[in-house]
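Reviewing the structure listed below.
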Amino acid sequence: MSEALITTDKAGVDVSGCFDMATGILDRRIFTDEEIYQEELKKIFGRAWNFVCHESQIPNPGDFMMNYIGEDEVIVVRDRQQSINVLLNSCPHRGNTVCRAELGNTRSFFCSYHGWNYDLDGRLIGMPGEDDFYRNNIDKKDWGLTPAAKVENYRGFCFATLDPEAPPLEEYLGWVGKVGIDFLLAEGDIEFLDGIHKNRLQCNWKLAVDNLYDWYHVKVSHGSAIKIGILDGALAAPDNQMVILGEYGHGIGGPGISEEEQARYDARMASGEGEPQWYDRYAEKRTSPETREMLGPVGRRSFGHPNIFPNLWVAQTNQVCLRIPRGPYETELWWFNFRRKGMSEDEQKFSAFMQNHMFGPAGVLEQDDGENWSHSTRGAKGTFSKTLPLNFSMGNKADQVSQDPSGQSCIETVINEHAQRWTYQSWQDWMAAENWPELIANHSQPPTGEV
Ligand code: FES
Ligand SMILES: [Fe+2]
């Protein structure tokens, strides 16, 4: 069953007027409209490379975990040949899920309804009554679990796409998506921890994505966390910002330092003299020659938040977070936690404290954020309020993209909304294209010059 899962349908909803890049004005109905949401599931989640697991989560044959591509539940499972398969969790007989556990180890997937049984690669290998009831008149090879069209891995991070026309993963990620993942490896190899923190918020998934670039809200929304000292006020939202924009909607936004600051930092570390600066705690993670080489001359000066479009946030707390859509008004956040190999016990304790107390169901920051995103979504539902535009104009036409000779480009500026505008512009590109060839041909290229 490897035919394309995607059928192209010209009669889609037209969202081309929803966002105006020139002014930063957004039609807020994109957060609540049911028809737009259904199109997103097909045109964005159905086509994109979706993060499904880190390979360390399923190290042995038979290890599996569940995930979602849009609203479709998938089983991510390592087979006996060590390949990772991504299979739709829906039995072709009546559609029942064939796996109910969130993770585990198994020899096969046995459907609890009538007993069809599937191998780790999705092949149908057994069914009650094949001789007596089906009279041997069914070809089992046609009735396996449907696999994702492609599964690929970048440095241990496994992604899957349902669209056979999708470009290779590394081409999709581009340098921006790859650097976003490389940030996690800047301090050495990592391994994911058991269990995923999961919680639901009453908000549209795009608001949760938009917010990861939002360094404007920090001192207001998280003022109480700064006040009690759980969040460092100086590091929380420095004015020095760097935005990096990549193809297909990938981006990195947040604190960054100039080449001059980098040079001053290096000189200070070499001489042991000079005053500490706000960025020292970020910069000290980027000192080894290997890390600098891996991240490149611009990437190594960025300490912002990467988003792998559409919905994988690479956080700075030894975590990544998927923003999984659950209807236009609901989003499930899945926090994957990991540790760096070789961490001391104290470092591990601190890392676990941050993982439990900043984000996720018990996270002080996420409670602040979740309230605001939920109310913003509510504000896009009202009969009258939903007709009113939203303003994403901060820093528009006020900055320049600088192009490094290495090919890495960035915007060095203050608090801004460049990455949010880029996200909605790219979202519009995805929604306008009928298929991957159209998206490849017509998607917006990262800006140059004035932005
Ligand atoms: S629904 Fe799975 S065997 Fe019938
Ligand atoms: Fe926040």
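Chain labels follow the order of the structure tokens: the first chain is A, the next B, and so on; residue numbering restarts at 1 in every chain, and ligands are counted from 1 in their shown order.
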Worksheet item: Mind checking DSSP for segment 220-440 of chain A and telling me the helix (DSSP H, G or I) residues as number ranges by chain?
Response: A: 220-221, 223-227, 233-236, 247-249, 259-271, 280-286, 289-299, 345-357, 364-378, 385-387, 418-432, 436-440
Discussion item. Need the shell around Ala101 of chain A: protein/DNA/RNA residues with any atom at most 10 Å away, counting only C-alpha atoms. Skip same-chain ones fewer than 4 positions apart. Format as number ranges by chain?
Written reply: A: 64-66, 75, 105
All heavy atoms of the current selection, written as a short mmCIF file (atom, residue, chain, number, x, y, z; two decimals), in the first residue's frame:
```cif
data_model
loop_
_atom_site.label_atom_id
_atom_site.label_comp_id
_atom_site.auth_asym_id
_atom_site.auth_seq_id
_atom_site.Cartn_x
_atom_site.Cartn_y
_atom_site.Cartn_z
N PHE A 64 8.53 0.79 19.90
CA PHE A 64 7.64 1.68 19.16
C PHE A 64 7.18 2.82 20.04
O PHE A 64 7.26 2.75 21.27
CB PHE A 64 6.40 0.91 18.64
CG PHE A 64 5.45 0.51 19.73
CD1 PHE A 64 4.45 1.36 20.16
CD2 PHE A 64 5.57 -0.74 20.35
CE1 PHE A 64 3.58 0.98 21.19
CE2 PHE A 64 4.71 -1.13 21.36
CZ PHE A 64 3.71 -0.26 21.78
N MET A 65 6.73 3.88 19.41
CA MET A 65 6.01 4.94 20.11
C MET A 65 4.97 5.54 19.17
O MET A 65 5.07 5.39 17.95
CB MET A 65 6.97 6.03 20.62
CG MET A 65 7.80 6.68 19.54
SD MET A 65 8.59 8.18 20.13
CE MET A 65 7.22 9.35 19.99
N MET A 66 3.99 6.17 19.75
CA MET A 66 2.93 6.77 18.94
C MET A 66 3.26 8.23 18.69
O MET A 66 3.90 8.88 19.51
CB MET A 66 1.58 6.71 19.67
CG MET A 66 1.24 5.36 20.20
SD MET A 66 1.17 4.12 18.92
CE MET A 66 -0.26 4.71 18.06
N ILE A 75 2.14 5.00 14.17
CA ILE A 75 3.03 4.18 14.99
C ILE A 75 4.43 4.33 14.42
O ILE A 75 4.63 4.15 13.21
CB ILE A 75 2.64 2.68 14.92
CG1 ILE A 75 1.16 2.48 15.22
CG2 ILE A 75 3.51 1.86 15.85
CD1 ILE A 75 0.68 1.06 14.88
N ASN A 105 7.35 -2.20 23.53
CA ASN A 105 8.07 -3.11 22.65
C ASN A 105 7.12 -4.24 22.29
O ASN A 105 6.38 -4.73 23.14
CB ASN A 105 9.32 -3.67 23.34
CG ASN A 105 10.10 -4.57 22.42
OD1 ASN A 105 9.78 -5.74 22.23
ND2 ASN A 105 11.14 -4.03 21.79
#
```
Worksheet item: A:Ser258, A:Asn416, A:Ser409, A:Asn96: which is nearest Phe392 of chain A, counting only C-alpha atoms?
Response: A:Asn416
Discussion item. Please identify all protein, DNA and RNA residues within 10 Å of ligand 2, counting only C-alpha atoms and all ligand atoms, and report them as number ranges by chain.
Written reply: A: 208, 211-222, 236, 358-359, 364-370, 372-373
Residues from last step as file, N, CA and C atoms, as an mmCIF file, in the first residue's frame:
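Once everything was written out, this is out22.cif:
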```cif
data_model
loop_
_atom_site.group_PDB
_atom_site.id
_atom_site.type_symbol
_atom_site.label_atom_id
_atom_site.label_comp_id
_atom_site.auth_asym_id
_atom_site.auth_seq_id
_atom_site.Cartn_x
_atom_site.Cartn_y
_atom_site.Cartn_z
ATOM 1 N N ALA A 208 0.618 29.114 18.927
ATOM 2 C CA ALA A 208 1.691 28.513 19.727
ATOM 3 C C ALA A 208 3.017 28.572 18.968
ATOM 4 N N ASN A 211 4.326 32.276 18.875
ATOM 5 C CA ASN A 211 4.857 32.738 20.160
ATOM 6 C C ASN A 211 6.311 32.356 20.407
ATOM 7 N N LEU A 212 6.777 31.290 19.781
ATOM 8 C CA LEU A 212 8.154 30.885 20.095
ATOM 9 C C LEU A 212 9.169 31.893 19.572
ATOM 10 N N TYR A 213 8.728 32.738 18.621
ATOM 11 C CA TYR A 213 9.594 33.807 18.118
ATOM 12 C C TYR A 213 9.362 35.112 18.876
ATOM 13 N N ASP A 214 8.423 35.112 19.781
ATOM 14 C CA ASP A 214 7.917 36.345 20.373
ATOM 15 C C ASP A 214 8.697 36.682 21.645
ATOM 16 N N TRP A 215 9.646 37.586 21.517
ATOM 17 C CA TRP A 215 10.441 38.012 22.685
ATOM 18 C C TRP A 215 9.912 39.330 23.237
ATOM 19 N N TYR A 216 8.798 39.775 22.685
ATOM 20 C CA TYR A 216 8.125 41.010 23.106
ATOM 21 C C TYR A 216 7.287 40.748 24.355
ATOM 22 N N HIS A 217 6.694 39.541 24.426
ATOM 23 C CA HIS A 217 5.751 39.264 25.504
ATOM 24 C C HIS A 217 6.432 38.914 26.817
ATOM 25 N N VAL A 218 7.729 38.584 26.743
ATOM 26 C CA VAL A 218 8.354 37.888 27.874
ATOM 27 C C VAL A 218 8.271 38.680 29.174
ATOM 28 N N LYS A 219 8.679 39.950 29.111
ATOM 29 C CA LYS A 219 8.742 40.710 30.365
ATOM 30 C C LYS A 219 7.350 41.061 30.880
ATOM 31 N N VAL A 220 6.338 40.981 30.002
ATOM 32 C CA VAL A 220 4.965 41.263 30.440
ATOM 33 C C VAL A 220 4.294 39.962 30.889
ATOM 34 N N SER A 221 4.160 39.020 29.964
ATOM 35 C CA SER A 221 3.455 37.766 30.294
ATOM 36 C C SER A 221 4.127 37.024 31.442
ATOM 37 N N HIS A 222 5.462 37.031 31.434
ATOM 38 C CA HIS A 222 6.191 36.246 32.435
ATOM 39 C C HIS A 222 6.809 37.143 33.523
ATOM 40 N N ALA A 236 16.050 37.179 29.737
ATOM 41 C CA ALA A 236 14.712 36.799 29.286
ATOM 42 C C ALA A 236 14.348 37.376 27.930
ATOM 43 N N MET A 358 9.485 24.921 33.754
ATOM 44 C CA MET A 358 9.354 26.067 32.852
ATOM 45 C C MET A 358 8.200 25.868 31.880
ATOM 46 N N PHE A 359 8.231 24.716 31.185
ATOM 47 C CA PHE A 359 7.194 24.441 30.185
ATOM 48 C C PHE A 359 6.449 23.174 30.584
ATOM 49 N N VAL A 364 5.646 27.041 34.724
ATOM 50 C CA VAL A 364 5.098 28.371 35.024
ATOM 51 C C VAL A 364 4.975 29.216 33.755
ATOM 52 N N LEU A 365 5.931 29.084 32.854
ATOM 53 C CA LEU A 365 5.866 29.905 31.644
ATOM 54 C C LEU A 365 4.713 29.471 30.749
ATOM 55 N N GLU A 366 4.537 28.160 30.662
ATOM 56 C CA GLU A 366 3.493 27.685 29.755
ATOM 57 C C GLU A 366 2.096 28.031 30.266
ATOM 58 N N GLN A 367 1.956 28.124 31.583
ATOM 59 C CA GLN A 367 0.640 28.522 32.098
ATOM 60 C C GLN A 367 0.347 29.970 31.717
ATOM 61 N N ASP A 368 1.386 30.815 31.823
ATOM 62 C CA ASP A 368 1.195 32.208 31.386
ATOM 63 C C ASP A 368 0.838 32.249 29.897
ATOM 64 N N ASP A 369 1.650 31.543 29.104
ATOM 65 C CA ASP A 369 1.470 31.581 27.650
ATOM 66 C C ASP A 369 0.129 30.994 27.236
ATOM 67 N N GLY A 370 -0.186 29.836 27.806
ATOM 68 C CA GLY A 370 -1.408 29.122 27.414
ATOM 69 C C GLY A 370 -2.647 29.973 27.600
ATOM 70 N N ASN A 372 -2.836 33.215 27.453
ATOM 71 C CA ASN A 372 -2.885 34.266 26.427
ATOM 72 C C ASN A 372 -3.243 33.706 25.052
ATOM 73 N N TRP A 373 -2.687 32.547 24.728
ATOM 74 C CA TRP A 373 -2.994 31.959 23.414
ATOM 75 C C TRP A 373 -4.472 31.558 23.347
#
```
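Among the candidate residues A:Gly246, A:Gly233, A:Gly395, A:Gly70, the one lying nearest to Thr423 of chain A is A:Gly246, with distances computed using only C-alpha atoms.
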Worksheet item: Within 12 Å of segment 376-390 of chain A, counting only C-alpha atoms, which residues qualify if same-chain residues fewer than 6 places away don't, as a PyMOL selection string?
Response: chain A and resi 17-20+23-34+201-208+210-211+327-331+369-370+421
Go through chain A residue by residue and, counting only C-alpha atoms and all ligand atoms, keep those with an atom at most 12 Å from ligand 1; for each kept residue give the shortest atom pair and its distance in Å to one decimal, ordered by chain and increasing number, as CSV.
```
residue,atom,partner,partner_atom_place_in_ligand_line,distance
A:Asn89,CA,ligand 1,2 (Fe),10.4
A:Ser90,CA,ligand 1,2 (Fe),7.8
A:Cys91,CA,ligand 1,2 (Fe),4.7
A:Pro92,CA,ligand 1,2 (Fe),6.6
A:His93,CA,ligand 1,1 (S),4.5
A:Arg94,CA,ligand 1,1 (S),3.9
A:Gly95,CA,ligand 1,1 (S),5.4
A:Asn96,CA,ligand 1,1 (S),4.7
A:Thr97,CA,ligand 1,2 (Fe),7.4
A:Val98,CA,ligand 1,2 (Fe),6.7
A:Cys99,CA,ligand 1,2 (Fe),10.4
A:Phe109,CA,ligand 1,2 (Fe),10.2
A:Phe110,CA,ligand 1,2 (Fe),8.0
A:Cys111,CA,ligand 1,2 (Fe),4.7
A:Ser112,CA,ligand 1,2 (Fe),6.5
A:Tyr113,CA,ligand 1,4 (Fe),4.8
A:His114,CA,ligand 1,3 (S),3.8
A:Gly115,CA,ligand 1,3 (S),4.7
A:Trp116,CA,ligand 1,3 (S),4.3
A:Asn117,CA,ligand 1,3 (S),7.7
A:Tyr118,CA,ligand 1,2 (Fe),10.0
A:Leu124,CA,ligand 1,3 (S),10.3
A:Ile125,CA,ligand 1,3 (S),11.9
A:Gly126,CA,ligand 1,3 (S),10.0
A:Met127,CA,ligand 1,3 (S),7.5
A:Pro128,CA,ligand 1,3 (S),8.6
A:Gly129,CA,ligand 1,3 (S),11.1
A:Glu130,CA,ligand 1,3 (S),11.7
A:Trp143,CA,ligand 1,2 (Fe),10.7
A:Gly144,CA,ligand 1,2 (Fe),10.8
A:Leu145,CA,ligand 1,2 (Fe),10.3
```
Take the residues from that selection and put them in a file with N, CA, C and O atoms, as a short mmCIF file (atom, residue, chain, number, x, y, z; two decimals), in the first residue's frame.
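This is the output file out-v3.cif:
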```cif
data_model
loop_
_atom_site.label_atom_id
_atom_site.label_comp_id
_atom_site.auth_asym_id
_atom_site.auth_seq_id
_atom_site.Cartn_x
_atom_site.Cartn_y
_atom_site.Cartn_z
N ASN A 89 -1.97 4.27 12.18
CA ASN A 89 -2.53 3.38 13.20
C ASN A 89 -4.02 3.18 12.95
O ASN A 89 -4.86 3.62 13.73
N SER A 90 -4.32 2.51 11.85
CA SER A 90 -5.72 2.29 11.51
C SER A 90 -5.83 1.00 10.70
O SER A 90 -5.27 0.89 9.60
N CYS A 91 -6.53 0.04 11.25
CA CYS A 91 -6.66 -1.27 10.62
C CYS A 91 -7.50 -1.16 9.35
O CYS A 91 -8.58 -0.58 9.36
N PRO A 92 -7.00 -1.72 8.24
CA PRO A 92 -7.75 -1.60 6.99
C PRO A 92 -9.07 -2.39 6.98
O PRO A 92 -9.84 -2.26 6.03
N HIS A 93 -9.35 -3.16 8.02
CA HIS A 93 -10.60 -3.91 8.04
C HIS A 93 -11.79 -3.03 8.42
O HIS A 93 -12.71 -2.84 7.63
N ARG A 94 -11.76 -2.46 9.63
CA ARG A 94 -12.82 -1.52 10.02
C ARG A 94 -12.28 -0.19 10.51
O ARG A 94 -13.04 0.64 11.00
N GLY A 95 -10.96 -0.04 10.46
CA GLY A 95 -10.38 1.26 10.84
C GLY A 95 -9.94 1.35 12.28
O GLY A 95 -9.40 2.38 12.71
N ASN A 96 -10.16 0.30 13.06
CA ASN A 96 -9.76 0.31 14.46
C ASN A 96 -8.27 0.63 14.60
O ASN A 96 -7.47 0.30 13.72
N THR A 97 -7.88 1.23 15.72
CA THR A 97 -6.46 1.38 15.99
C THR A 97 -5.88 0.00 16.33
O THR A 97 -6.53 -0.80 17.02
N VAL A 98 -4.70 -0.28 15.84
CA VAL A 98 -4.10 -1.59 16.12
C VAL A 98 -3.11 -1.50 17.27
O VAL A 98 -2.56 -2.51 17.69
N CYS A 99 -2.87 -0.29 17.74
CA CYS A 99 -1.99 -0.11 18.90
C CYS A 99 -2.58 0.98 19.77
O CYS A 99 -2.91 2.05 19.28
N PHE A 109 1.66 -6.12 15.71
CA PHE A 109 0.52 -5.30 16.12
C PHE A 109 -0.76 -6.10 15.83
O PHE A 109 -1.05 -6.43 14.67
N PHE A 110 -1.47 -6.41 16.89
CA PHE A 110 -2.63 -7.29 16.80
C PHE A 110 -3.89 -6.45 16.99
O PHE A 110 -4.07 -5.80 18.02
N CYS A 111 -4.76 -6.47 15.99
CA CYS A 111 -5.97 -5.64 16.09
C CYS A 111 -6.96 -6.29 17.06
O CYS A 111 -7.31 -7.46 16.92
N SER A 112 -7.41 -5.48 18.00
CA SER A 112 -8.26 -6.01 19.07
C SER A 112 -9.70 -6.27 18.61
O SER A 112 -10.49 -6.84 19.36
N TYR A 113 -10.06 -5.87 17.40
CA TYR A 113 -11.45 -6.03 16.97
C TYR A 113 -11.69 -7.45 16.43
O TYR A 113 -12.46 -8.22 16.99
N HIS A 114 -11.00 -7.80 15.33
CA HIS A 114 -11.20 -9.13 14.75
C HIS A 114 -9.91 -9.94 14.64
O HIS A 114 -9.94 -11.05 14.12
N GLY A 115 -8.81 -9.35 15.07
CA GLY A 115 -7.59 -10.14 15.18
C GLY A 115 -6.65 -10.13 13.99
O GLY A 115 -5.78 -10.99 13.91
N TRP A 116 -6.80 -9.20 13.06
CA TRP A 116 -5.77 -9.11 12.01
C TRP A 116 -4.46 -8.73 12.70
O TRP A 116 -4.44 -7.93 13.64
N ASN A 117 -3.38 -9.27 12.18
CA ASN A 117 -2.10 -9.12 12.86
C ASN A 117 -1.04 -8.60 11.88
O ASN A 117 -0.93 -9.11 10.76
N TYR A 118 -0.28 -7.60 12.31
CA TYR A 118 0.63 -6.89 11.41
C TYR A 118 2.06 -6.99 11.91
O TYR A 118 2.33 -6.83 13.10
N LEU A 124 0.49 -7.26 6.63
CA LEU A 124 -0.53 -8.12 7.26
C LEU A 124 0.00 -9.55 7.21
O LEU A 124 0.25 -10.10 6.14
N ILE A 125 0.17 -10.16 8.39
CA ILE A 125 0.79 -11.49 8.43
C ILE A 125 -0.16 -12.57 8.94
O ILE A 125 0.16 -13.75 8.89
N GLY A 126 -1.31 -12.16 9.41
CA GLY A 126 -2.24 -13.19 9.88
C GLY A 126 -3.62 -12.62 10.08
O GLY A 126 -3.78 -11.43 10.34
N MET A 127 -4.63 -13.48 9.92
CA MET A 127 -6.01 -13.06 10.13
C MET A 127 -6.84 -14.29 10.48
O MET A 127 -6.69 -15.34 9.82
N PRO A 128 -7.69 -14.21 11.49
CA PRO A 128 -8.53 -15.35 11.80
C PRO A 128 -9.46 -15.67 10.62
O PRO A 128 -9.98 -14.76 9.98
N GLY A 129 -9.62 -16.94 10.30
CA GLY A 129 -10.58 -17.37 9.27
C GLY A 129 -10.14 -17.10 7.86
O GLY A 129 -10.97 -17.02 6.95
N GLU A 130 -8.84 -17.00 7.64
CA GLU A 130 -8.38 -16.73 6.27
C GLU A 130 -8.86 -17.85 5.31
O GLU A 130 -9.28 -17.56 4.19
N TRP A 143 -3.30 -5.50 2.08
CA TRP A 143 -4.07 -5.01 3.22
C TRP A 143 -3.23 -4.80 4.48
O TRP A 143 -3.70 -4.99 5.59
N GLY A 144 -1.99 -4.32 4.25
CA GLY A 144 -1.15 -3.97 5.40
C GLY A 144 -1.50 -2.59 5.94
O GLY A 144 -2.34 -1.87 5.39
N LEU A 145 -0.82 -2.23 7.02
CA LEU A 145 -0.96 -0.86 7.53
C LEU A 145 -0.28 0.09 6.55
O LEU A 145 0.79 -0.23 6.01
#
```
Discussion item. So that I can see what lies close to Arg339 of chain A, please list as a list in words the residues with an atom at most 8 Å from it, counting only C-alpha atoms and leaving out residues fewer than 2 positions away in the same chain.
Written reply: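 In the requested format, the answer is Ile190, Glu191, Phe192, Leu193, Asn318, Asn337, Lys341, Met343, Gln348 and Ser351 of chain A.
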Worksheet item: Quick one, how far is atom CA of Ile440 of chain A from atom CA of Tyr248 of chain A?
Response: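 Computed distance, atom CA of Ile440 of chain A to atom CA of Tyr248 of chain A, equals 8.7 Å.
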Discussion item. I want to know what sits within 9 Å of Tyr265 of chain A, based on only C-alpha atoms, with residues of the same chain fewer than 2 positions away left out; could you give that as an MDAnalysis selection string?
Written reply: chainID A and resid 260:263 267:270 276:277 279:280 283
For the selection you just gave me, I'd like the residues written to a file as an mmCIF file, in the first residue's frame, keeping all heavy atoms.
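Saved result, selection_14.cif, follows:
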```
data_model
loop_
_atom_site.group_PDB
_atom_site.id
_atom_site.type_symbol
_atom_site.label_atom_id
_atom_site.label_comp_id
_atom_site.auth_asym_id
_atom_site.auth_seq_id
_atom_site.Cartn_x
_atom_site.Cartn_y
_atom_site.Cartn_z
ATOM 1 N N GLU A 260 31.321 41.755 16.443
ATOM 2 C CA GLU A 260 32.187 42.518 17.361
ATOM 3 C C GLU A 260 32.019 42.000 18.792
ATOM 4 O O GLU A 260 32.991 41.815 19.524
ATOM 5 C CB GLU A 260 31.835 44.011 17.331
ATOM 6 C CG GLU A 260 32.126 44.709 16.008
ATOM 7 C CD GLU A 260 31.156 44.305 14.898
ATOM 8 O OE1 GLU A 260 29.967 44.029 15.188
ATOM 9 O OE2 GLU A 260 31.599 44.218 13.740
ATOM 10 N N GLU A 261 30.773 41.730 19.176
ATOM 11 C CA GLU A 261 30.547 41.213 20.533
ATOM 12 C C GLU A 261 31.187 39.839 20.697
ATOM 13 O O GLU A 261 31.756 39.520 21.733
ATOM 14 C CB GLU A 261 29.039 41.150 20.828
ATOM 15 C CG GLU A 261 28.443 42.506 21.135
ATOM 16 C CD GLU A 261 26.932 42.509 21.090
ATOM 17 O OE1 GLU A 261 26.363 41.885 20.161
ATOM 18 O OE2 GLU A 261 26.319 43.125 21.968
ATOM 19 N N GLN A 262 31.061 39.051 19.614
ATOM 20 C CA GLN A 262 31.677 37.723 19.649
ATOM 21 C C GLN A 262 33.194 37.853 19.850
ATOM 22 O O GLN A 262 33.795 37.140 20.658
ATOM 23 C CB GLN A 262 31.381 36.985 18.340
ATOM 24 C CG GLN A 262 32.016 35.625 18.218
ATOM 25 C CD GLN A 262 31.282 34.556 19.002
ATOM 26 O OE1 GLN A 262 30.151 34.225 18.695
ATOM 27 N NE2 GLN A 262 31.917 34.035 20.028
ATOM 28 N N ALA A 263 33.794 38.786 19.128
ATOM 29 C CA ALA A 263 35.247 38.971 19.226
ATOM 30 C C ALA A 263 35.620 39.456 20.633
ATOM 31 O O ALA A 263 36.629 39.019 21.202
ATOM 32 C CB ALA A 263 35.722 39.973 18.165
ATOM 33 N N ALA A 267 38.041 37.539 23.288
ATOM 34 C CA ALA A 267 39.218 38.189 23.881
ATOM 35 C C ALA A 267 39.122 38.143 25.407
ATOM 36 O O ALA A 267 40.115 37.895 26.100
ATOM 37 C CB ALA A 267 39.312 39.639 23.401
ATOM 38 N N ARG A 268 37.924 38.361 25.909
ATOM 39 C CA ARG A 268 37.721 38.346 27.364
ATOM 40 C C ARG A 268 38.004 36.964 27.938
ATOM 41 O O ARG A 268 38.619 36.807 28.983
ATOM 42 C CB ARG A 268 36.277 38.783 27.643
ATOM 43 C CG ARG A 268 35.983 39.189 29.041
ATOM 44 C CD ARG A 268 34.865 40.242 29.100
ATOM 45 N NE ARG A 268 33.744 39.981 28.230
ATOM 46 C CZ ARG A 268 32.712 39.185 28.542
ATOM 47 N NH1 ARG A 268 32.692 38.583 29.705
ATOM 48 N NH2 ARG A 268 31.728 39.001 27.690
ATOM 49 N N MET A 269 37.548 35.938 27.229
ATOM 50 C CA MET A 269 37.777 34.576 27.720
ATOM 51 C C MET A 269 39.273 34.240 27.676
ATOM 52 O O MET A 269 39.800 33.573 28.558
ATOM 53 C CB MET A 269 36.999 33.552 26.871
ATOM 54 C CG MET A 269 35.506 33.615 27.038
ATOM 55 S SD MET A 269 34.989 33.392 28.759
ATOM 56 C CE MET A 269 34.300 35.001 29.130
ATOM 57 N N ALA A 270 39.948 34.748 26.606
ATOM 58 C CA ALA A 270 41.381 34.439 26.466
ATOM 59 C C ALA A 270 42.201 35.140 27.545
ATOM 60 O O ALA A 270 43.150 34.569 28.086
ATOM 61 C CB ALA A 270 41.861 34.853 25.071
ATOM 62 N N PRO A 276 31.606 40.782 32.907
ATOM 63 C CA PRO A 276 30.631 39.821 32.358
ATOM 64 C C PRO A 276 29.518 40.543 31.586
ATOM 65 O O PRO A 276 29.185 41.680 31.921
ATOM 66 C CB PRO A 276 30.056 39.137 33.612
ATOM 67 C CG PRO A 276 30.989 39.465 34.722
ATOM 68 C CD PRO A 276 31.681 40.736 34.362
ATOM 69 N N GLN A 277 28.973 39.874 30.597
ATOM 70 C CA GLN A 277 27.894 40.448 29.779
ATOM 71 C C GLN A 277 26.671 39.529 29.811
ATOM 72 O O GLN A 277 26.788 38.352 30.163
ATOM 73 C CB GLN A 277 28.353 40.606 28.320
ATOM 74 C CG GLN A 277 29.543 41.527 28.142
ATOM 75 C CD GLN A 277 29.236 42.985 28.449
ATOM 76 O OE1 GLN A 277 28.136 43.456 28.181
ATOM 77 N NE2 GLN A 277 30.181 43.676 29.056
ATOM 78 N N TYR A 279 25.189 38.003 27.562
ATOM 79 C CA TYR A 279 25.190 36.853 26.660
ATOM 80 C C TYR A 279 26.188 35.779 27.052
ATOM 81 O O TYR A 279 26.301 34.760 26.375
ATOM 82 C CB TYR A 279 25.456 37.303 25.217
ATOM 83 C CG TYR A 279 26.640 38.226 25.052
ATOM 84 C CD1 TYR A 279 27.938 37.734 25.019
ATOM 85 C CD2 TYR A 279 26.452 39.603 24.928
ATOM 86 C CE1 TYR A 279 29.018 38.585 24.869
ATOM 87 C CE2 TYR A 279 27.536 40.457 24.772
ATOM 88 C CZ TYR A 279 28.815 39.940 24.753
ATOM 89 O OH TYR A 279 29.880 40.783 24.599
ATOM 90 N N ASP A 280 26.923 35.988 28.150
ATOM 91 C CA ASP A 280 27.975 35.016 28.495
ATOM 92 C C ASP A 280 27.421 33.598 28.637
ATOM 93 O O ASP A 280 28.035 32.629 28.194
ATOM 94 C CB ASP A 280 28.687 35.405 29.801
ATOM 95 C CG ASP A 280 29.607 36.604 29.601
ATOM 96 O OD1 ASP A 280 29.563 37.199 28.510
ATOM 97 O OD2 ASP A 280 30.351 36.934 30.534
ATOM 98 N N ALA A 283 26.891 32.318 25.163
ATOM 99 C CA ALA A 283 28.113 32.206 24.358
ATOM 100 C C ALA A 283 29.021 31.087 24.840
ATOM 101 O O ALA A 283 29.741 30.476 24.054
ATOM 102 C CB ALA A 283 28.863 33.536 24.362
#
```
Item to complete: Could you please determine the separation between atom CA of Leu312 of chain A and atom CA of Trp49 of chain A in Å, to one decimal place?
Response: 10.4 Å
Discussion item. Report, in Å with one decimal, the straight-line distance from atom CA of Arg80 of chain A to atom CA of Pro61 of chain A.
Written reply: 5.0 Å
